[in-house]
file work_29.tsv (TSV, C-alpha atoms)
chain	number	residue	atom	x	y	z
K	1	MET	CA	125.09	-6.88	58.98
K	2	PHE	CA	122.47	-6.73	56.21
K	3	SER	CA	119.73	-5.76	58.67
K	4	ARG	CA	121.76	-2.86	60.05
K	5	LEU	CA	122.61	-1.68	56.54
K	6	ALA	CA	118.92	-1.81	55.64
K	7	ALA	CA	118.06	0.25	58.70
K	8	GLY	CA	120.61	2.86	57.68
K	9	LEU	CA	119.14	2.97	54.19
K	10	LEU	CA	115.69	3.51	55.67
K	11	ALA	CA	116.96	6.59	57.46
K	12	GLY	CA	118.45	7.89	54.21
K	13	VAL	CA	115.23	7.33	52.33
K	14	SER	CA	113.32	9.16	55.03
K	15	LEU	CA	115.52	12.21	54.67
K	16	ALA	CA	115.48	12.13	50.88
K	17	ALA	CA	111.70	12.04	50.79
K	18	LEU	CA	111.61	15.54	52.23
K	19	ALA	CA	113.15	16.94	49.04
K	20	VAL	CA	115.39	19.30	51.02
K	21	PRO	CA	119.19	19.60	51.11
K	22	ALA	CA	120.73	16.55	52.81
K	23	GLU	CA	121.89	18.48	55.85
K	24	ALA	CA	120.34	17.19	59.05
K	25	GLY	CA	119.85	19.69	61.82
K	26	THR	CA	117.81	22.79	61.14
K	27	SER	CA	118.92	25.97	62.88
K	28	ARG	CA	115.29	26.77	63.75
K	29	PRO	CA	113.79	23.67	65.38
K	30	VAL	CA	110.92	25.54	67.05
K	31	ARG	CA	108.96	28.42	65.59
K	32	TRP	CA	106.23	29.35	68.06
K	33	ASN	CA	103.29	30.40	65.87
K	34	THR	CA	100.45	32.00	67.84
K	35	GLY	CA	97.87	33.81	65.75
K	36	GLY	CA	99.83	36.19	63.56
K	37	ALA	CA	102.92	36.24	65.78
K	38	VAL	CA	105.95	34.00	65.22
K	39	TRP	CA	108.81	33.65	67.69
K	40	THR	CA	111.79	31.46	66.87
K	41	THR	CA	114.05	29.55	69.23
K	42	THR	CA	117.24	28.57	67.44
K	43	SER	CA	119.26	25.40	67.85
K	44	SER	CA	122.11	27.38	69.43
K	45	GLU	CA	119.76	28.78	72.06
K	46	PHE	CA	118.56	25.28	72.88
K	47	LYS	CA	122.16	24.03	73.07
K	48	THR	CA	123.04	26.80	75.53
K	49	PHE	CA	120.07	25.91	77.69
K	50	PHE	CA	120.83	22.19	77.60
K	51	SER	CA	124.51	22.61	78.46
K	52	THR	CA	124.36	25.46	81.02
K	53	GLY	CA	120.74	25.95	82.01
K	54	ASP	CA	120.89	29.56	80.81
K	55	ILE	CA	117.80	30.80	78.98
K	56	THR	CA	118.85	33.34	76.36
K	57	ASP	CA	115.65	33.46	74.33
K	58	ARG	CA	112.31	35.04	75.22
K	59	ALA	CA	110.27	32.44	73.35
K	60	LEU	CA	112.08	29.55	75.06
K	61	SER	CA	111.48	31.19	78.43
K	62	SER	CA	107.79	31.44	77.63
K	63	GLY	CA	107.70	27.83	76.41
K	64	ILE	CA	109.29	26.61	79.64
K	65	GLY	CA	106.94	28.76	81.69
K	66	SER	CA	103.92	27.16	80.05
K	67	SER	CA	105.30	23.59	80.09
K	68	GLY	CA	104.13	22.60	83.55
K	69	TRP	CA	107.71	21.86	84.58
K	70	THR	CA	110.56	23.90	86.04
K	71	ALA	CA	113.45	24.93	83.79
K	72	GLU	CA	115.68	22.43	85.60
K	73	GLU	CA	113.19	19.62	85.00
K	74	ILE	CA	112.92	20.45	81.28
K	75	GLN	CA	116.71	20.62	80.98
K	76	GLU	CA	117.15	17.27	82.71
K	77	GLY	CA	114.24	15.62	80.90
K	78	MET	CA	115.29	16.71	77.43
K	79	THR	CA	118.93	15.66	77.87
K	80	LYS	CA	118.18	12.26	79.44
K	81	THR	CA	119.25	9.44	77.12
K	82	TYR	CA	117.47	6.16	76.37
K	83	ALA	CA	119.08	3.05	74.93
K	84	VAL	CA	117.56	1.90	71.62
K	85	ASP	CA	118.40	-0.34	68.67
K	86	ILE	CA	118.17	1.33	65.28
K	87	ILE	CA	116.68	-1.84	63.77
K	88	GLY	CA	113.81	-1.78	66.25
K	89	VAL	CA	113.34	1.96	65.84
K	90	SER	CA	113.23	1.75	62.04
K	91	ARG	CA	111.00	-1.32	62.05
K	92	PHE	CA	108.45	0.35	64.33
K	93	LEU	CA	108.43	3.80	62.71
K	94	TYR	CA	107.87	2.34	59.24
K	95	SER	CA	105.09	0.01	60.42
K	96	ASP	CA	101.39	0.92	60.32
K	97	ASP	CA	101.43	1.40	64.10
K	98	GLY	CA	104.52	3.58	63.81
K	99	VAL	CA	102.99	5.83	61.17
K	100	LYS	CA	99.88	6.17	63.32
K	101	PHE	CA	102.12	7.07	66.27
K	102	LEU	CA	103.98	9.72	64.26
K	103	LYS	CA	100.75	11.27	62.99
K	104	ASP	CA	99.42	11.43	66.52
K	105	GLN	CA	102.66	12.97	67.78
K	106	THR	CA	102.59	15.81	65.23
K	107	ARG	CA	99.17	17.21	66.07
K	108	SER	CA	100.28	20.86	66.22
K	109	TYR	CA	104.06	20.57	65.75
K	110	PHE	CA	105.17	19.95	62.17
K	111	PRO	CA	107.41	21.27	59.36
K	112	ASN	CA	107.00	25.00	58.93
K	113	TRP	CA	106.53	25.03	55.16
K	114	LYS	CA	104.92	21.74	54.10
K	115	MET	CA	103.21	21.24	57.43
K	116	LYS	CA	101.24	18.00	57.92
K	117	SER	CA	102.12	16.64	54.47
K	118	THR	CA	105.69	15.90	55.60
K	119	SER	CA	105.26	15.70	59.38
K	120	VAL	CA	105.56	11.90	59.57
K	121	VAL	CA	108.63	11.75	57.34
K	122	ALA	CA	110.39	14.62	59.10
K	123	LEU	CA	109.89	13.43	62.67
K	124	ARG	CA	110.70	9.83	61.70
K	125	SER	CA	113.97	10.87	60.05
K	126	ALA	CA	114.99	12.85	63.16
K	127	ILE	CA	114.29	9.95	65.51
K	128	ILE	CA	116.11	7.43	63.31
K	129	ALA	CA	119.10	9.75	62.82
K	130	ASP	CA	119.42	10.22	66.57
K	131	SER	CA	119.19	6.46	67.19
K	132	ILE	CA	122.20	5.54	65.04
K	133	ASP	CA	124.58	5.58	68.01
K	134	GLY	CA	122.26	3.38	70.12
K	135	GLU	CA	120.83	6.19	72.23
K	136	ILE	CA	118.13	8.83	71.83
K	137	SER	CA	117.11	11.90	73.77
K	138	ALA	CA	114.69	14.74	73.27
K	139	ALA	CA	117.62	17.10	72.72
K	140	GLY	CA	119.08	14.71	70.15
K	141	ILE	CA	115.83	14.34	68.23
K	142	LEU	CA	115.35	18.11	68.19
K	143	ALA	CA	118.90	18.58	66.89
K	144	GLU	CA	118.30	16.11	64.05
K	145	LEU	CA	115.12	17.72	62.69
K	146	PRO	CA	115.84	18.10	58.96
K	147	VAL	CA	113.67	21.20	58.45
K	148	ASP	CA	112.23	24.08	60.46
K	149	PHE	CA	109.34	23.01	62.67
K	150	ARG	CA	106.55	25.17	64.02
K	151	LEU	CA	104.17	24.83	66.94
K	152	ALA	CA	100.92	26.16	65.48
K	153	ASP	CA	98.09	27.80	67.39
K	154	THR	CA	96.28	29.58	64.60
K	155	CYS	CA	92.70	30.72	65.12
K	156	GLY	CA	91.03	27.33	65.30
K	157	THR	CA	92.93	25.57	62.48
K	158	TYR	CA	95.53	24.26	64.92
K	159	ASP	CA	95.26	24.62	68.68
K	160	GLY	CA	98.91	24.46	69.78
K	161	ILE	CA	98.24	21.27	71.74
K	162	GLN	CA	100.51	18.25	71.47
K	163	ASN	CA	99.31	14.72	72.18
K	164	LEU	CA	101.49	13.40	74.98
K	165	CYS	CA	102.47	9.80	74.31
K	166	ALA	CA	102.14	8.90	78.02
K	167	PRO	CA	99.03	10.78	79.16
K	168	ASN	CA	98.79	8.82	82.41
K	169	HIS	CA	102.15	10.20	83.54
K	170	CYS	CA	101.48	13.94	83.39
K	171	GLU	CA	99.57	16.27	85.68
K	172	GLY	CA	97.54	19.27	84.58
K	173	ASP	CA	96.86	20.76	81.17
K	174	ALA	CA	100.32	22.29	80.77
K	175	GLN	CA	102.25	19.07	81.36
K	176	CYS	CA	99.80	17.05	79.27
K	177	THR	CA	99.65	19.34	76.21
K	178	SER	CA	102.72	21.58	75.97
K	179	LEU	CA	105.49	21.16	73.40
K	180	LEU	CA	108.41	20.92	75.82
K	181	SER	CA	106.59	18.41	78.01
K	182	TRP	CA	105.86	16.40	74.84
K	183	TYR	CA	109.58	16.43	74.03
K	184	VAL	CA	110.45	15.19	77.53
K	185	PHE	CA	108.26	12.09	77.11
K	186	LEU	CA	108.88	11.35	73.40
K	187	PRO	CA	112.16	9.35	73.60
K	188	ALA	CA	110.87	7.14	76.43
K	189	CYS	CA	107.80	6.27	74.35
K	190	VAL	CA	109.97	5.51	71.33
K	191	GLN	CA	112.16	3.24	73.44
K	192	ALA	CA	109.15	1.39	74.86
K	193	ASN	CA	107.64	0.83	71.42
K	194	THR	CA	110.82	-0.25	69.67
K	195	ALA	CA	112.56	-2.64	72.05
K	196	LEU	CA	113.59	-5.78	70.17
K	197	PRO	CA	112.50	-9.09	71.67
K	198	ASP	CA	115.06	-11.62	72.82
K	199	PRO	CA	115.16	-14.19	69.96
K	200	ALA	CA	115.38	-17.00	72.48
K	201	LEU	CA	112.19	-15.91	74.20
K	202	ARG	CA	110.18	-15.24	71.02
K	203	ILE	CA	107.92	-12.75	72.75
K	204	ALA	CA	105.73	-10.11	71.09
K	205	PRO	CA	107.11	-6.59	70.50
K	206	VAL	CA	107.08	-4.42	73.61
K	207	ARG	CA	104.39	-1.76	73.94
K	208	LEU	CA	104.33	1.13	76.38
K	209	LEU	CA	105.79	0.00	79.70
K	210	TRP	CA	104.42	2.62	82.03
call {"tool": "encode", "arguments": {"input": "work_29.tsv", "output": "C-alpha cells"}}
result
Amino acid sequence: MFSRLAAGLLAGVSLAALAVPAEAGTSRPVRWNTGGAVWTTTSSEFKTFFSTGDITDRALSSGIGSSGWTAEEIQEGMTKTYAVDIIGVSRFLYSDDGVKFLKDQTRSYFPNWKMKSTSVVALRSAIIADSIDGEISAAGILAELPVDFRLADTCGTYDGIQNLCAPNHCEGDAQCTSLLSWYVFLPACVQANTALPDPALRIAPVRLLW
C-alpha cells in the first residue's frame, strides 16, 4: 500500500515540477517545427485517427507519410497496449538509467516553451500518468503530455530526428528516426525496462527484451 502511494506521489511531483496548471493532457501534443514553419496536430485530430483511421490534419498526414509505416500500422502501433506496474515504471524513470533514457528519448521532441530544460520531467510525467491503470500505449502517453510538445528541425540546432529505443527493430531512415515511429516503439521499451522481478526469484531488473 505504501509503495503504491509513494509511486502516485512521484507522479504528482513530476507534474508539479513543470510549474504549469495541474491539468494533464495538452490540446497540442505535436507541433511540427521545420525551419520557420510550424504545423500543429491537435489531440482531437489524433483521437479521430486512433478511433476511426481518418486523417483530418495535413501535418498528421505528412508525419505518417514520413514515418516509414502505413497509416494502418501507425494506428495499430500507437493504440497497442502494454501491461506495466506503476511501481516499476516510477522506480525506473526516477533512476539514473531512467533519466538517461528520457534524455535520449527527447532528442528533438520536447516541450514547446521550455524545451530541453523540462523534457525529462514532462515525458516522465506523461508515462507515469498513463501507467496508473496498469497499461500504457503510445496514444495514452501522448494524451497525458502535460504541455505542448514540438518536434524541432531548426537550421542545425535540432535535426528533427528521434532516437528510437529499439534501433535493431526498424528498417530504413524513416522508421528509425521519425516521431511517429518513435511513438510506436516507446511503450514497449518502457515495459521492457520497468518489469518488476518476481520476489521469489530475486533476479535483476529486466532490460530490453528484443
call {"tool": "residues_around", "arguments": {"input": "work_29.tsv", "residues": "range 154-166 of chain K", "least_positions_apart": "3", "cutoff": "10 Å", "atoms": "all atoms listed in the file", "output": "MDAnalysis selection string"}}
result
chainID K and resid 32:37 101 103:109 150:151 169:170 173:190 208:210
call {"tool": "write_last_selection", "arguments": {"input": "work_29.tsv", "atoms": "C-alpha atoms", "output": "PDB file, in the coordinates of the input"}}
result
ATOM      1  CA  TRP K  32     106.230  29.350  68.060  1.00  0.00           C
ATOM      2  CA  ASN K  33     103.290  30.400  65.870  1.00  0.00           C
ATOM      3  CA  THR K  34     100.450  32.000  67.840  1.00  0.00           C
ATOM      4  CA  GLY K  35      97.870  33.810  65.750  1.00  0.00           C
ATOM      5  CA  GLY K  36      99.830  36.190  63.560  1.00  0.00           C
ATOM      6  CA  ALA K  37     102.920  36.240  65.780  1.00  0.00           C
ATOM      7  CA  PHE K 101     102.120   7.070  66.270  1.00  0.00           C
ATOM      8  CA  LYS K 103     100.750  11.270  62.990  1.00  0.00           C
ATOM      9  CA  ASP K 104      99.420  11.430  66.520  1.00  0.00           C
ATOM     10  CA  GLN K 105     102.660  12.970  67.780  1.00  0.00           C
ATOM     11  CA  THR K 106     102.590  15.810  65.230  1.00  0.00           C
ATOM     12  CA  ARG K 107      99.170  17.210  66.070  1.00  0.00           C
ATOM     13  CA  SER K 108     100.280  20.860  66.220  1.00  0.00           C
ATOM     14  CA  TYR K 109     104.060  20.570  65.750  1.00  0.00           C
ATOM     15  CA  ARG K 150     106.550  25.170  64.020  1.00  0.00           C
ATOM     16  CA  LEU K 151     104.170  24.830  66.940  1.00  0.00           C
ATOM     17  CA  HIS K 169     102.150  10.200  83.540  1.00  0.00           C
ATOM     18  CA  CYS K 170     101.480  13.940  83.390  1.00  0.00           C
ATOM     19  CA  ASP K 173      96.860  20.760  81.170  1.00  0.00           C
ATOM     20  CA  ALA K 174     100.320  22.290  80.770  1.00  0.00           C
ATOM     21  CA  GLN K 175     102.250  19.070  81.360  1.00  0.00           C
ATOM     22  CA  CYS K 176      99.800  17.050  79.270  1.00  0.00           C
ATOM     23  CA  THR K 177      99.650  19.340  76.210  1.00  0.00           C
ATOM     24  CA  SER K 178     102.720  21.580  75.970  1.00  0.00           C
ATOM     25  CA  LEU K 179     105.490  21.160  73.400  1.00  0.00           C
ATOM     26  CA  LEU K 180     108.410  20.920  75.820  1.00  0.00           C
ATOM     27  CA  SER K 181     106.590  18.410  78.010  1.00  0.00           C
ATOM     28  CA  TRP K 182     105.860  16.400  74.840  1.00  0.00           C
ATOM     29  CA  TYR K 183     109.580  16.430  74.030  1.00  0.00           C
ATOM     30  CA  VAL K 184     110.450  15.190  77.530  1.00  0.00           C
ATOM     31  CA  PHE K 185     108.260  12.090  77.110  1.00  0.00           C
ATOM     32  CA  LEU K 186     108.880  11.350  73.400  1.00  0.00           C
ATOM     33  CA  PRO K 187     112.160   9.350  73.600  1.00  0.00           C
ATOM     34  CA  ALA K 188     110.870   7.140  76.430  1.00  0.00           C
ATOM     35  CA  CYS K 189     107.800   6.270  74.350  1.00  0.00           C
ATOM     36  CA  VAL K 190     109.970   5.510  71.330  1.00  0.00           C
ATOM     37  CA  LEU K 208     104.330   1.130  76.380  1.00  0.00           C
ATOM     38  CA  LEU K 209     105.790   0.000  79.700  1.00  0.00           C
ATOM     39  CA  TRP K 210     104.420   2.620  82.030  1.00  0.00           C
TER      40      TRP K 210
END
call {"tool": "closest_atom_pairs", "arguments": {"input": "work_29.tsv", "of": "range 58-91 of chain K", "to": "range 116-130 of chain K", "cutoff": "9 Å", "atoms": "all atoms listed in the file", "output": "CSV"}}
result
residue,atom,partner,partner_atom,distance
K:Ile86,CA,K:Ile128,CA,6.7
K:Val89,CA,K:Ile128,CA,6.6
K:Ser90,CA,K:Ile128,CA,6.5
call {"tool": "residues_around", "arguments": {"input": "work_29.tsv", "residues": "Pro111 in chain K", "least_positions_apart": "3", "cutoff": "6 Å", "atoms": "all atoms listed in the file", "output": "ChimeraX atom specification"}}
result
/K:114-115,119,148-149
call {"tool": "atom_distance", "arguments": {"input": "work_29.tsv", "atom1": "CA of Ile74 in chain K", "atom2": "CA of Ala59 in chain K"}}
result
14.6 Å
call {"tool": "atom_distance", "arguments": {"input": "work_29.tsv", "atom1": "CA of Asp85 in chain K", "atom2": "CA of Val147 in chain K"}}
result
24.3 Å
call {"tool": "closest_atom_pairs", "arguments": {"input": "work_29.tsv", "of": "range 116-203 of chain K", "to": "range 43-57 of chain K", "cutoff": "10 Å", "atoms": "all atoms listed in the file", "output": "tab-separated table"}}
result
residue	atom	partner	partner_atom	distance
K:Ala139	CA	K:Phe50	CA	7.7
K:Leu142	CA	K:Ser43	CA	8.3
K:Ala143	CA	K:Ser43	CA	6.9
call {"tool": "atom_distance", "arguments": {"input": "work_29.tsv", "atom1": "CA of Ala152 in chain K", "atom2": "CA of Gly25 in chain K"}}
result
20.3 Å
call {"tool": "closest_residue", "arguments": {"input": "work_29.tsv", "among": "K:Ile136, K:Met78, K:Ile87, K:Val30", "to": "Thr194 in chain K", "atoms": "only C-alpha atoms"}}
result
K:Ile87
call {"tool": "axis_aligned_box", "arguments": {"input": "work_29.tsv", "around": "range 70-82 of chain K", "padding_each_side": "4 Å", "output": "JSON"}}
result
{"center_x": 114.9, "center_y": 15.5, "center_z": 81.2, "size_x": 16.7, "size_y": 26.8, "size_z": 17.7}
call {"tool": "closest_residue", "arguments": {"input": "work_29.tsv", "among": "K:Asn193, K:Gln75, K:Thr40, K:Asn168", "to": "Leu102 in chain K", "atoms": "all atoms listed in the file"}}
result
K:Asn193
call {"tool": "decode", "arguments": {"input": "work_29.tsv", "residues": "range 125-163 of chain K", "atoms": "N, CA and C atoms", "output": "PDB file, in the first residue's frame"}}
result
ATOM      1  N   SER K 125       6.336  12.430 -16.607  1.00  0.00           N
ATOM      2  CA  SER K 125       5.011  12.590 -16.008  1.00  0.00           C
ATOM      3  C   SER K 125       3.931  11.974 -16.892  1.00  0.00           C
ATOM      4  N   ALA K 126       4.091  12.090 -18.228  1.00  0.00           N
ATOM      5  CA  ALA K 126       3.103  11.518 -19.145  1.00  0.00           C
ATOM      6  C   ALA K 126       3.112   9.998 -19.074  1.00  0.00           C
ATOM      7  N   ILE K 127       4.294   9.407 -19.046  1.00  0.00           N
ATOM      8  CA  ILE K 127       4.398   7.947 -18.984  1.00  0.00           C
ATOM      9  C   ILE K 127       3.823   7.421 -17.664  1.00  0.00           C
ATOM     10  N   ILE K 128       4.173   8.064 -16.553  1.00  0.00           N
ATOM     11  CA  ILE K 128       3.676   7.625 -15.248  1.00  0.00           C
ATOM     12  C   ILE K 128       2.159   7.791 -15.169  1.00  0.00           C
ATOM     13  N   ALA K 129       1.642   8.913 -15.651  1.00  0.00           N
ATOM     14  CA  ALA K 129       0.198   9.145 -15.612  1.00  0.00           C
ATOM     15  C   ALA K 129      -0.550   8.081 -16.416  1.00  0.00           C
ATOM     16  N   ASP K 130       0.015   7.681 -17.547  1.00  0.00           N
ATOM     17  CA  ASP K 130      -0.656   6.671 -18.365  1.00  0.00           C
ATOM     18  C   ASP K 130      -0.553   5.284 -17.757  1.00  0.00           C
ATOM     19  N   SER K 131       0.422   5.062 -16.879  1.00  0.00           N
ATOM     20  CA  SER K 131       0.641   3.730 -16.307  1.00  0.00           C
ATOM     21  C   SER K 131      -0.211   3.450 -15.074  1.00  0.00           C
ATOM     22  N   ILE K 132      -0.941   4.442 -14.595  1.00  0.00           N
ATOM     23  CA  ILE K 132      -1.694   4.289 -13.348  1.00  0.00           C
ATOM     24  C   ILE K 132      -2.690   3.130 -13.402  1.00  0.00           C
ATOM     25  N   ASP K 133      -3.288   2.901 -14.566  1.00  0.00           N
ATOM     26  CA  ASP K 133      -4.279   1.829 -14.678  1.00  0.00           C
ATOM     27  C   ASP K 133      -3.652   0.484 -15.012  1.00  0.00           C
ATOM     28  N   GLY K 134      -2.314   0.398 -15.038  1.00  0.00           N
ATOM     29  CA  GLY K 134      -1.649  -0.873 -15.297  1.00  0.00           C
ATOM     30  C   GLY K 134      -1.364  -1.153 -16.753  1.00  0.00           C
ATOM     31  N   GLU K 135      -1.647  -0.193 -17.616  1.00  0.00           N
ATOM     32  CA  GLU K 135      -1.372  -0.346 -19.044  1.00  0.00           C
ATOM     33  C   GLU K 135      -0.860   0.971 -19.613  1.00  0.00           C
ATOM     34  N   ILE K 136      -0.011   0.872 -20.632  1.00  0.00           N
ATOM     35  CA  ILE K 136       0.416   2.071 -21.353  1.00  0.00           C
ATOM     36  C   ILE K 136       0.323   1.820 -22.848  1.00  0.00           C
ATOM     37  N   SER K 137       0.222   2.899 -23.586  1.00  0.00           N
ATOM     38  CA  SER K 137       0.239   2.851 -25.040  1.00  0.00           C
ATOM     39  C   SER K 137       0.822   4.162 -25.531  1.00  0.00           C
ATOM     40  N   ALA K 138       1.221   4.195 -26.774  1.00  0.00           N
ATOM     41  CA  ALA K 138       1.722   5.440 -27.340  1.00  0.00           C
ATOM     42  C   ALA K 138       0.630   6.501 -27.338  1.00  0.00           C
ATOM     43  N   ALA K 139      -0.586   6.093 -27.690  1.00  0.00           N
ATOM     44  CA  ALA K 139      -1.705   7.042 -27.699  1.00  0.00           C
ATOM     45  C   ALA K 139      -1.974   7.574 -26.299  1.00  0.00           C
ATOM     46  N   GLY K 140      -1.855   6.698 -25.302  1.00  0.00           N
ATOM     47  CA  GLY K 140      -2.090   7.120 -23.922  1.00  0.00           C
ATOM     48  C   GLY K 140      -1.033   8.082 -23.422  1.00  0.00           C
ATOM     49  N   ILE K 141       0.231   7.810 -23.732  1.00  0.00           N
ATOM     50  CA  ILE K 141       1.311   8.699 -23.331  1.00  0.00           C
ATOM     51  C   ILE K 141       1.141  10.059 -23.990  1.00  0.00           C
ATOM     52  N   LEU K 142       0.831  10.065 -25.283  1.00  0.00           N
ATOM     53  CA  LEU K 142       0.617  11.320 -25.996  1.00  0.00           C
ATOM     54  C   LEU K 142      -0.514  12.123 -25.369  1.00  0.00           C
ATOM     55  N   ALA K 143      -1.585  11.434 -24.981  1.00  0.00           N
ATOM     56  CA  ALA K 143      -2.742  12.116 -24.393  1.00  0.00           C
ATOM     57  C   ALA K 143      -2.443  12.700 -23.027  1.00  0.00           C
ATOM     58  N   GLU K 144      -1.444  12.154 -22.333  1.00  0.00           N
ATOM     59  CA  GLU K 144      -1.111  12.620 -20.979  1.00  0.00           C
ATOM     60  C   GLU K 144      -0.011  13.684 -20.952  1.00  0.00           C
ATOM     61  N   LEU K 145       0.516  14.071 -22.093  1.00  0.00           N
ATOM     62  CA  LEU K 145       1.549  15.107 -22.092  1.00  0.00           C
ATOM     63  C   LEU K 145       1.006  16.355 -21.406  1.00  0.00           C
ATOM     64  N   PRO K 146       1.701  16.878 -20.403  1.00  0.00           N
ATOM     65  CA  PRO K 146       1.160  17.987 -19.618  1.00  0.00           C
ATOM     66  C   PRO K 146       1.289  19.352 -20.278  1.00  0.00           C
ATOM     67  N   VAL K 147       2.117  19.461 -21.304  1.00  0.00           N
ATOM     68  CA  VAL K 147       2.325  20.727 -22.004  1.00  0.00           C
ATOM     69  C   VAL K 147       2.458  20.456 -23.497  1.00  0.00           C
ATOM     70  N   ASP K 148       2.367  21.516 -24.306  1.00  0.00           N
ATOM     71  CA  ASP K 148       2.592  21.381 -25.740  1.00  0.00           C
ATOM     72  C   ASP K 148       4.005  20.862 -26.004  1.00  0.00           C
ATOM     73  N   PHE K 149       4.117  19.936 -26.926  1.00  0.00           N
ATOM     74  CA  PHE K 149       5.421  19.428 -27.356  1.00  0.00           C
ATOM     75  C   PHE K 149       5.662  19.822 -28.808  1.00  0.00           C
ATOM     76  N   ARG K 150       6.912  19.998 -29.161  1.00  0.00           N
ATOM     77  CA  ARG K 150       7.251  20.264 -30.549  1.00  0.00           C
ATOM     78  C   ARG K 150       8.307  19.286 -31.045  1.00  0.00           C
ATOM     79  N   LEU K 151       8.225  18.956 -32.331  1.00  0.00           N
ATOM     80  CA  LEU K 151       9.292  18.221 -32.996  1.00  0.00           C
ATOM     81  C   LEU K 151      10.089  19.263 -33.760  1.00  0.00           C
ATOM     82  N   ALA K 152      11.339  19.487 -33.337  1.00  0.00           N
ATOM     83  CA  ALA K 152      12.120  20.608 -33.862  1.00  0.00           C
ATOM     84  C   ALA K 152      13.149  20.177 -34.903  1.00  0.00           C
ATOM     85  N   ASP K 153      13.085  20.838 -36.044  1.00  0.00           N
ATOM     86  CA  ASP K 153      14.094  20.684 -37.099  1.00  0.00           C
ATOM     87  C   ASP K 153      14.432  22.111 -37.523  1.00  0.00           C
ATOM     88  N   THR K 154      15.383  22.711 -36.836  1.00  0.00           N
ATOM     89  CA  THR K 154      15.573  24.155 -36.949  1.00  0.00           C
ATOM     90  C   THR K 154      16.996  24.553 -37.315  1.00  0.00           C
ATOM     91  N   CYS K 155      17.324  24.461 -38.576  1.00  0.00           N
ATOM     92  CA  CYS K 155      18.560  25.018 -39.128  1.00  0.00           C
ATOM     93  C   CYS K 155      19.815  24.590 -38.365  1.00  0.00           C
ATOM     94  N   GLY K 156      19.934  23.329 -38.065  1.00  0.00           N
ATOM     95  CA  GLY K 156      21.152  22.829 -37.445  1.00  0.00           C
ATOM     96  C   GLY K 156      21.123  22.745 -35.933  1.00  0.00           C
ATOM     97  N   THR K 157      20.270  23.526 -35.267  1.00  0.00           N
ATOM     98  CA  THR K 157      20.190  23.455 -33.801  1.00  0.00           C
ATOM     99  C   THR K 157      19.592  22.126 -33.370  1.00  0.00           C
ATOM    100  N   TYR K 158      18.479  21.764 -33.972  1.00  0.00           N
ATOM    101  CA  TYR K 158      17.867  20.447 -33.789  1.00  0.00           C
ATOM    102  C   TYR K 158      17.572  19.886 -35.169  1.00  0.00           C
ATOM    103  N   ASP K 159      17.695  18.581 -35.308  1.00  0.00           N
ATOM    104  CA  ASP K 159      17.602  17.980 -36.648  1.00  0.00           C
ATOM    105  C   ASP K 159      16.304  17.237 -36.923  1.00  0.00           C
ATOM    106  N   GLY K 160      15.350  17.263 -35.984  1.00  0.00           N
ATOM    107  CA  GLY K 160      14.077  16.591 -36.213  1.00  0.00           C
ATOM    108  C   GLY K 160      14.141  15.081 -36.096  1.00  0.00           C
ATOM    109  N   ILE K 161      15.291  14.557 -35.695  1.00  0.00           N
ATOM    110  CA  ILE K 161      15.472  13.110 -35.569  1.00  0.00           C
ATOM    111  C   ILE K 161      15.217  12.673 -34.133  1.00  0.00           C
ATOM    112  N   GLN K 162      14.479  11.594 -33.978  1.00  0.00           N
ATOM    113  CA  GLN K 162      14.265  10.984 -32.674  1.00  0.00           C
ATOM    114  C   GLN K 162      15.086   9.708 -32.554  1.00  0.00           C
ATOM    115  N   ASN K 163      15.631   9.469 -31.371  1.00  0.00           N
ATOM    116  CA  ASN K 163      16.398   8.253 -31.122  1.00  0.00           C
ATOM    117  C   ASN K 163      15.435   7.113 -30.800  1.00  0.00           C
TER     118      ASN K 163
END
